[in-house]
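This is model-v8.txt (compact mmCIF, C-alpha atoms).
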# COMPACT_ATOMS: atom_id res chain seq x y z
CA MET O 200 -16.65 0.99 4.42
CA GLY O 201 -13.13 2.00 5.31
CA GLY O 202 -12.16 2.47 1.66
CA PHE O 203 -15.03 4.88 1.06
CA ALA O 204 -14.55 6.62 4.42
CA THR O 205 -10.89 7.27 3.62
CA GLN O 206 -11.79 8.81 0.25
CA TYR O 207 -14.44 11.06 1.81
CA ALA O 208 -12.04 12.18 4.53
CA LEU O 209 -9.28 13.01 2.06
CA ASN O 210 -11.64 14.84 -0.29
CA GLY O 211 -12.97 16.85 2.64
CA GLY O 212 -9.51 17.98 3.73
CA ALA O 213 -9.29 15.67 6.76
CA ASN O 214 -6.26 13.64 7.80
CA PRO O 215 -7.50 10.07 8.26
CA VAL O 216 -5.83 7.61 10.60
CA CYS O 217 -6.51 4.24 8.98
CA VAL O 218 -6.58 1.13 11.17
CA VAL O 219 -5.99 -1.96 9.03
CA SER O 220 -5.47 -5.69 9.59
CA ASN O 221 -2.60 -6.34 7.16
CA GLU O 222 -0.01 -4.71 4.92
CA GLU O 223 -2.06 -5.27 1.75
CA LYS O 224 -4.79 -3.01 3.14
CA ALA O 225 -2.16 -0.56 4.35
CA ASP O 226 -0.81 -0.31 0.80
CA ILE O 227 -4.32 0.39 -0.52
CA CYS O 228 -4.72 3.22 1.98
CA ARG O 229 -1.36 4.68 0.96
CA SER O 230 -2.31 4.47 -2.71
CA MET O 231 -5.39 6.58 -1.92
CA GLY O 232 -3.23 9.23 -0.28
CA ALA O 233 -3.57 8.31 3.40
CA GLU O 234 -0.31 8.71 5.29
CA MET O 235 -1.20 7.75 8.87
CA ILE O 236 -1.79 4.01 9.23
CA ILE O 237 -1.94 1.64 12.19
CA ASN O 238 -1.62 -2.08 11.49
CA ARG O 239 -3.59 -3.65 14.33
CA SER O 240 -2.15 -7.10 13.59
CA GLU O 241 1.36 -5.80 14.24
CA MET O 242 0.25 -3.87 17.33
CA ASP O 243 -1.69 -6.94 18.57
CA PHE O 244 -4.12 -4.93 20.70
CA LYS O 245 -5.84 -6.88 23.48
CA PHE O 246 -8.80 -4.69 24.38
CA TRP O 247 -10.48 -7.57 26.28
CA ASN O 248 -9.20 -10.31 28.57
CA GLU O 249 -9.06 -13.91 27.37
CA GLU O 250 -12.55 -14.62 28.73
CA ASN O 251 -13.87 -11.59 26.82
CA THR O 252 -15.51 -10.31 30.00
CA LYS O 253 -13.40 -7.32 31.01
CA GLN O 254 -11.73 -4.56 29.02
CA ASN O 255 -8.11 -3.46 29.40
CA PRO O 256 -7.71 0.35 29.65
CA LYS O 257 -3.93 -0.01 29.29
CA GLU O 258 -4.53 -1.10 25.71
CA TRP O 259 -6.71 1.98 25.13
CA LEU O 260 -3.73 4.06 26.24
CA ARG O 261 -1.45 2.17 23.86
CA LEU O 262 -3.81 2.88 20.94
CA GLY O 263 -4.03 6.54 21.93
CA LYS O 264 -0.23 6.75 22.06
CA ALA O 265 0.08 5.18 18.60
CA ILE O 266 -2.38 7.74 17.20
CA ARG O 267 -0.54 10.70 18.77
CA GLU O 268 2.78 9.47 17.40
CA LEU O 269 1.27 9.72 13.92
CA THR O 270 -0.54 13.04 14.40
CA GLY O 271 2.16 14.95 16.24
CA GLY O 272 0.39 14.74 19.59
CA GLU O 273 -3.16 15.41 18.41
CA ASP O 274 -6.17 13.31 19.38
CA ILE O 275 -8.72 12.44 16.71
CA ASP O 276 -11.91 14.42 16.11
CA ILE O 277 -14.14 11.69 14.69
CA VAL O 278 -14.02 7.91 15.02
CA PHE O 279 -15.67 5.87 12.28
CA GLU O 280 -16.71 2.90 14.43
CA HIS O 281 -17.89 -0.30 12.75
CA PRO O 282 -16.20 -3.23 14.60
CA GLY O 283 -18.59 -2.80 17.53
CA ARG O 284 -18.15 -4.50 20.88
CA GLU O 285 -14.48 -5.41 20.37
CA THR O 286 -13.30 -1.82 19.91
CA PHE O 287 -16.05 0.50 21.12
CA GLY O 288 -14.54 1.16 24.55
CA ALA O 289 -11.21 2.05 22.95
CA SER O 290 -12.89 4.31 20.39
CA VAL O 291 -14.68 6.30 23.08
CA PHE O 292 -11.44 6.66 25.02
CA VAL O 293 -9.17 7.87 22.18
CA THR O 294 -11.58 10.46 20.73
CA ARG O 295 -10.62 14.01 21.65
CA LYS O 296 -12.55 16.13 24.12
CA GLY O 297 -15.74 17.28 22.41
CA GLY O 298 -15.23 14.75 19.63
CA THR O 299 -17.64 12.32 17.99
CA ILE O 300 -17.87 8.54 17.82
CA THR O 301 -19.92 7.54 14.76
CA THR O 302 -21.28 4.03 15.05
CA CYS O 303 -22.33 2.42 11.78
CA ALA O 304 -22.08 -1.32 12.41
CA SER O 305 -21.39 -3.99 15.03
CA THR O 306 -19.32 -6.64 13.28
CA SER O 307 -17.90 -8.08 16.52
CA GLY O 308 -21.12 -7.76 18.54
CA TYR O 309 -23.84 -5.20 19.16
CA MET O 310 -23.75 -5.10 22.98
CA HIS O 311 -21.22 -2.28 23.23
CA GLU O 312 -19.47 -1.40 26.49
CA TYR O 313 -17.48 1.71 27.35
CA ASP O 314 -16.42 3.77 30.36
CA ASN O 315 -18.97 6.57 30.45
CA ARG O 316 -16.60 8.89 32.34
CA TYR O 317 -14.58 9.40 29.18
CA LEU O 318 -17.75 10.29 27.28
CA TRP O 319 -19.69 12.43 29.71
CA MET O 320 -16.83 14.25 31.48
CA ASN O 321 -15.11 15.12 28.21
CA LEU O 322 -18.27 16.22 26.39
CA LYS O 323 -17.95 13.63 23.65
CA LYS O 324 -20.96 12.35 21.74
CA ILE O 325 -22.05 9.13 20.05
CA ILE O 326 -24.09 9.39 16.86
CA SER O 327 -25.47 6.64 14.66
CA SER O 328 -25.34 6.37 10.89
CA HIS O 329 -27.04 3.92 8.54
CA PHE O 330 -25.66 5.57 5.42
CA ALA O 331 -27.84 8.40 4.22
CA ASN O 332 -31.17 10.00 3.46
CA TYR O 333 -32.33 10.55 -0.13
CA ARG O 334 -30.54 13.89 -0.49
CA GLU O 335 -27.28 12.53 0.89
CA SER O 336 -27.53 9.47 -1.36
CA TRP O 337 -27.95 11.74 -4.39
CA GLU O 338 -24.89 13.76 -3.33
CA ALA O 339 -22.86 10.58 -2.82
CA ASN O 340 -23.70 9.41 -6.34
CA ARG O 341 -22.86 12.87 -7.69
CA LEU O 342 -19.35 12.65 -6.22
CA ILE O 343 -18.89 9.29 -7.95
CA SER O 344 -20.14 10.70 -11.25
CA GLN O 345 -17.60 13.52 -10.86
CA ALA O 346 -14.85 10.90 -10.29
CA LYS O 347 -14.02 12.33 -6.87
CA ILE O 348 -15.01 9.09 -5.11
CA HIS O 349 -14.14 5.76 -6.71
CA PRO O 350 -15.54 2.23 -6.39
CA THR O 351 -13.82 -0.20 -4.02
CA VAL O 352 -14.68 -3.43 -5.85
CA SER O 353 -11.86 -5.98 -5.70
CA ARG O 354 -13.51 -8.90 -7.52
CA VAL O 355 -16.55 -9.60 -9.69
CA TYR O 356 -18.36 -12.96 -9.68
CA SER O 357 -20.77 -14.48 -12.17
CA LEU O 358 -24.32 -15.09 -10.98
CA ASP O 359 -23.57 -18.82 -10.84
CA ASP O 360 -20.80 -18.10 -8.33
CA VAL O 361 -22.84 -15.90 -5.97
CA GLY O 362 -22.59 -18.57 -3.26
CA GLN O 363 -18.80 -18.47 -3.45
CA ALA O 364 -18.92 -14.67 -3.32
CA ALA O 365 -20.92 -14.78 -0.10
CA LEU O 366 -18.56 -17.37 1.39
CA ASP O 367 -15.46 -15.33 0.51
CA VAL O 368 -16.95 -12.24 2.12
CA HIS O 369 -17.95 -14.27 5.18
CA HIS O 370 -14.34 -15.43 5.59
CA ASN O 371 -12.97 -11.92 4.87
CA LYS O 372 -11.05 -13.10 1.80
CA HIS O 373 -11.87 -9.92 -0.09
CA GLN O 374 -10.66 -6.32 -0.06
CA GLY O 375 -13.25 -3.57 -0.21
CA LYS O 376 -16.41 -4.74 -1.99
CA VAL O 377 -17.30 -7.55 -4.39
CA GLY O 378 -19.70 -7.44 -7.31
CA VAL O 379 -22.01 -9.99 -8.94
CA LEU O 380 -22.97 -9.92 -12.64
CA ALA O 381 -26.74 -10.28 -12.36
CA LEU O 382 -27.99 -9.07 -15.77
CA ALA O 383 -24.71 -8.58 -17.64
CA PRO O 384 -22.74 -11.34 -19.37
CA GLU O 385 -19.43 -9.50 -18.81
CA GLU O 386 -17.89 -6.57 -16.94
CA GLY O 387 -17.86 -3.02 -18.31
CA MET O 388 -21.36 -2.99 -19.70
CA GLY O 389 -23.57 -0.03 -18.84
CA VAL O 390 -20.74 2.50 -18.78
CA ARG O 391 -22.09 5.67 -20.34
CA ASN O 392 -19.06 7.95 -20.13
CA THR O 393 -16.16 5.78 -21.27
CA GLU O 394 -13.83 8.78 -21.67
CA LEU O 395 -14.24 9.82 -18.04
CA ARG O 396 -13.93 6.24 -16.86
CA ASP O 397 -10.73 5.67 -18.84
CA LYS O 398 -9.12 8.68 -17.15
CA HIS O 399 -9.58 7.09 -13.74
CA LEU O 400 -8.95 3.40 -14.43
CA THR O 401 -6.00 3.32 -12.01
CA GLU O 402 -8.15 4.56 -9.14
CA ILE O 403 -11.13 2.41 -10.15
CA ASN O 404 -8.97 -0.71 -10.24
CA ARG O 405 -7.07 0.11 -7.05
CA PHE O 406 -8.69 -2.77 -5.14
CA ARG O 407 -8.44 -5.28 -7.98
CA GLY O 408 -5.93 -8.08 -7.74
CA VAL O 409 -5.02 -7.54 -4.07

Will you turn the file into structure tokens for me?
Amino acid sequence: MGGFATQYALNGGANPVCVVSNEEKADICRSMGAEMIINRSEMDFKFWNEENTKQNPKEWLRLGKAIRELTGGEDIDIVFEHPGRETFGASVFVTRKGGTITTCASTSGYMHEYDNRYLWMNLKKIISSHFANYRESWEANRLISQAKIHPTVSRVYSLDDVGQAALDVHHNKHQGKVGVLALAPEEGMGVRNTELRDKHLTEINRFRGV
């Protein structure tokens, strides 16, 4: 999701702040044109105590400071929130006054907790997103057909290896998305505009081999 979100932000004229877990993912973001990156593994944020029962607002402040150091003192307008319980309190806190927290998943747990004072008193809002309606889906595909948004597939598995594909995704051993050859004996079949595709092979293969 982050790979697509970064492309949409850049194409829309936004300045994304990408939060990643390692330098490999940071390099991918840079290759897409993103300049502001926070490596959460290096920062070692502890948003919850060891018992995972109480949040630590001092860590919210540390995240906010890291963001402002990258943006020249600006807070962020929109948070693309998919980790869920682990980060939701921090996301609400660091969003600017009047800003938006977009929740689209709950990877670390769906019982989110946050300090409502930072939402209600600063006129922020939480909206939900489960991708798109039919019109938005058509527009998303149109951007791909125009080569403005590129796939984020890092590896393709044969149908016989679909179990391994699921296991690798479960253990987060992939970057971006993975594909499975269901009705095709090899990759590259079904491409209708090979000339357009060839022009963008670098971008299309950005996630491959990392």

Go through O:Trp259, O:Glu273, O:Ala204, O:Glu241 and flag the residue nearest Cys228 of chain O, using only C-alpha atoms for the distances.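 The shortest atom-to-atom distance to Cys228 of chain O comes from O:Ala204.
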
Report the distance between atom CA of Ser357 of chain O and atom CA of Thr401 of chain O in Å, rounded to one decimal place.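 Straight-line distance from atom CA of Ser357 of chain O to atom CA of Thr401 of chain O works out to 23.1 Å.
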
With distances taken over only C-alpha atoms, which residue among O:Val368, O:Glu402, O:Arg407, O:Glu312 lies nearest Gly232 of chain O?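 Of all the options, O:Glu402 lies closest to Gly232 of chain O.
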
May I ask which of the residues O:Glu338, O:Asp314, O:Asp367, O:Glu223 is the closest one to Arg405 of chain O, counting only C-alpha atoms? O:Glu223

Spatial neighbours of segment 287-303 of chain O, 8 Å, only C-alpha atoms, chain gap at least 2 places, as a PyMOL selection string: chain O and resi 246+254+256+258-260+262-263+274-285+305+311-314+317-318+321-330

Length of the atom CA of Leu382 of chain O to atom CA of Gln206 of chain O vector [Å]: 29.0 Å

May I ask for the distance between atom CA of Leu358 of chain O and atom CA of Ala381 of chain O, given in Å to one decimal place?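 Separation of atom CA of Leu358 of chain O and atom CA of Ala381 of chain O: 5.6 Å.
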
Place a sphere of radius 12 Å on (1.3, -3.7, 14.2) in the file coordinates and name every protein, DNA or RNA residue with an atom inside or on its surface, counting only C-alpha atoms; give the answer as a list of chain:residue names. O:Val218, O:Val219, O:Ser220, O:Asn221, O:Glu222, O:Ala225, O:Ile236, O:Ile237, O:Asn238, O:Arg239, O:Ser240, O:Glu241, O:Met242, O:Asp243, O:Phe244, O:Arg261, O:Leu262, O:Ala265

Top pick for closest residue to Thr205 of chain O, considering O:Gly375, O:Gly308, O:Pro384, O:Gly272 and counting only C-alpha atoms: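 For Thr205 of chain O, the nearest of the candidates is O:Gly375.
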
Of the candidates O:Ala364, O:Ala331, O:Ile348, O:Ile227, which shows the shortest atom-to-atom distance to Phe406 of chain O, using all atoms listed in the file?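 With all atoms listed in the file as the atom set, the closest residue is O:Ile227.
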
Write out all heavy atoms for segment 381-392 of chain O, as a short mmCIF file (atom, residue, chain, number, x, y, z; two decimals), in the coordinates of the input.
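Ended up saving to result.cif:
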data_model
loop_
_atom_site.label_atom_id
_atom_site.label_comp_id
_atom_site.auth_asym_id
_atom_site.auth_seq_id
_atom_site.Cartn_x
_atom_site.Cartn_y
_atom_site.Cartn_z
N ALA O 381 -25.37 -9.75 -12.42
CA ALA O 381 -26.74 -10.28 -12.36
C ALA O 381 -27.42 -10.28 -13.73
O ALA O 381 -28.03 -11.26 -14.13
CB ALA O 381 -27.56 -9.48 -11.37
N LEU O 382 -27.32 -9.18 -14.47
CA LEU O 382 -27.99 -9.07 -15.77
C LEU O 382 -27.01 -8.79 -16.91
O LEU O 382 -27.43 -8.50 -18.02
CB LEU O 382 -29.05 -7.96 -15.72
CG LEU O 382 -30.20 -8.18 -14.73
CD1 LEU O 382 -31.10 -6.94 -14.68
CD2 LEU O 382 -31.02 -9.40 -15.14
N ALA O 383 -25.72 -8.87 -16.62
CA ALA O 383 -24.71 -8.58 -17.64
C ALA O 383 -23.84 -9.81 -17.86
O ALA O 383 -23.41 -10.45 -16.90
CB ALA O 383 -23.84 -7.40 -17.21
N PRO O 384 -23.57 -10.17 -19.09
CA PRO O 384 -22.74 -11.34 -19.37
C PRO O 384 -21.26 -11.10 -19.10
O PRO O 384 -20.48 -12.03 -18.94
CB PRO O 384 -22.99 -11.61 -20.86
CG PRO O 384 -23.38 -10.28 -21.42
CD PRO O 384 -24.14 -9.59 -20.32
N GLU O 385 -20.84 -9.82 -19.04
CA GLU O 385 -19.43 -9.50 -18.81
C GLU O 385 -19.32 -8.13 -18.15
O GLU O 385 -20.27 -7.34 -18.12
CB GLU O 385 -18.65 -9.51 -20.12
CG GLU O 385 -19.16 -8.52 -21.15
CD GLU O 385 -18.45 -8.65 -22.48
OE1 GLU O 385 -18.05 -9.77 -22.83
OE2 GLU O 385 -18.30 -7.61 -23.16
N GLU O 386 -18.13 -7.84 -17.61
CA GLU O 386 -17.89 -6.57 -16.94
C GLU O 386 -17.81 -5.43 -17.96
O GLU O 386 -17.55 -5.64 -19.15
CB GLU O 386 -16.59 -6.62 -16.16
CG GLU O 386 -16.59 -7.56 -14.99
CD GLU O 386 -15.29 -7.50 -14.21
OE1 GLU O 386 -14.84 -6.37 -13.93
OE2 GLU O 386 -14.72 -8.56 -13.90
N GLY O 387 -18.04 -4.21 -17.47
CA GLY O 387 -17.86 -3.02 -18.31
C GLY O 387 -19.10 -2.58 -19.04
O GLY O 387 -19.11 -1.51 -19.66
N MET O 388 -20.14 -3.37 -19.01
CA MET O 388 -21.36 -2.99 -19.70
C MET O 388 -22.13 -1.95 -18.87
O MET O 388 -22.08 -1.95 -17.65
CB MET O 388 -22.24 -4.21 -19.95
CG MET O 388 -21.57 -5.29 -20.78
SD MET O 388 -22.65 -6.68 -21.14
CE MET O 388 -23.79 -5.91 -22.29
N GLY O 389 -22.80 -1.06 -19.54
CA GLY O 389 -23.57 -0.03 -18.84
C GLY O 389 -22.80 1.24 -18.58
O GLY O 389 -23.35 2.21 -18.04
N VAL O 390 -21.53 1.28 -18.95
CA VAL O 390 -20.74 2.50 -18.78
C VAL O 390 -21.15 3.51 -19.84
O VAL O 390 -21.06 3.24 -21.04
CB VAL O 390 -19.22 2.20 -18.89
CG1 VAL O 390 -18.42 3.49 -18.78
CG2 VAL O 390 -18.80 1.21 -17.82
N ARG O 391 -21.60 4.67 -19.40
CA ARG O 391 -22.09 5.67 -20.34
C ARG O 391 -21.03 6.68 -20.74
O ARG O 391 -21.06 7.21 -21.84
CB ARG O 391 -23.29 6.39 -19.72
CG ARG O 391 -24.49 5.48 -19.47
CD ARG O 391 -25.64 6.24 -18.86
NE ARG O 391 -26.80 5.39 -18.62
CZ ARG O 391 -27.95 5.81 -18.09
NH1 ARG O 391 -28.07 7.09 -17.74
NH2 ARG O 391 -28.94 4.96 -17.90
N ASN O 392 -20.11 6.97 -19.84
CA ASN O 392 -19.06 7.95 -20.13
C ASN O 392 -17.72 7.23 -20.10
O ASN O 392 -17.00 7.25 -19.11
CB ASN O 392 -19.10 9.08 -19.10
CG ASN O 392 -18.22 10.26 -19.51
OD1 ASN O 392 -17.26 10.10 -20.26
ND2 ASN O 392 -18.53 11.44 -18.99
#
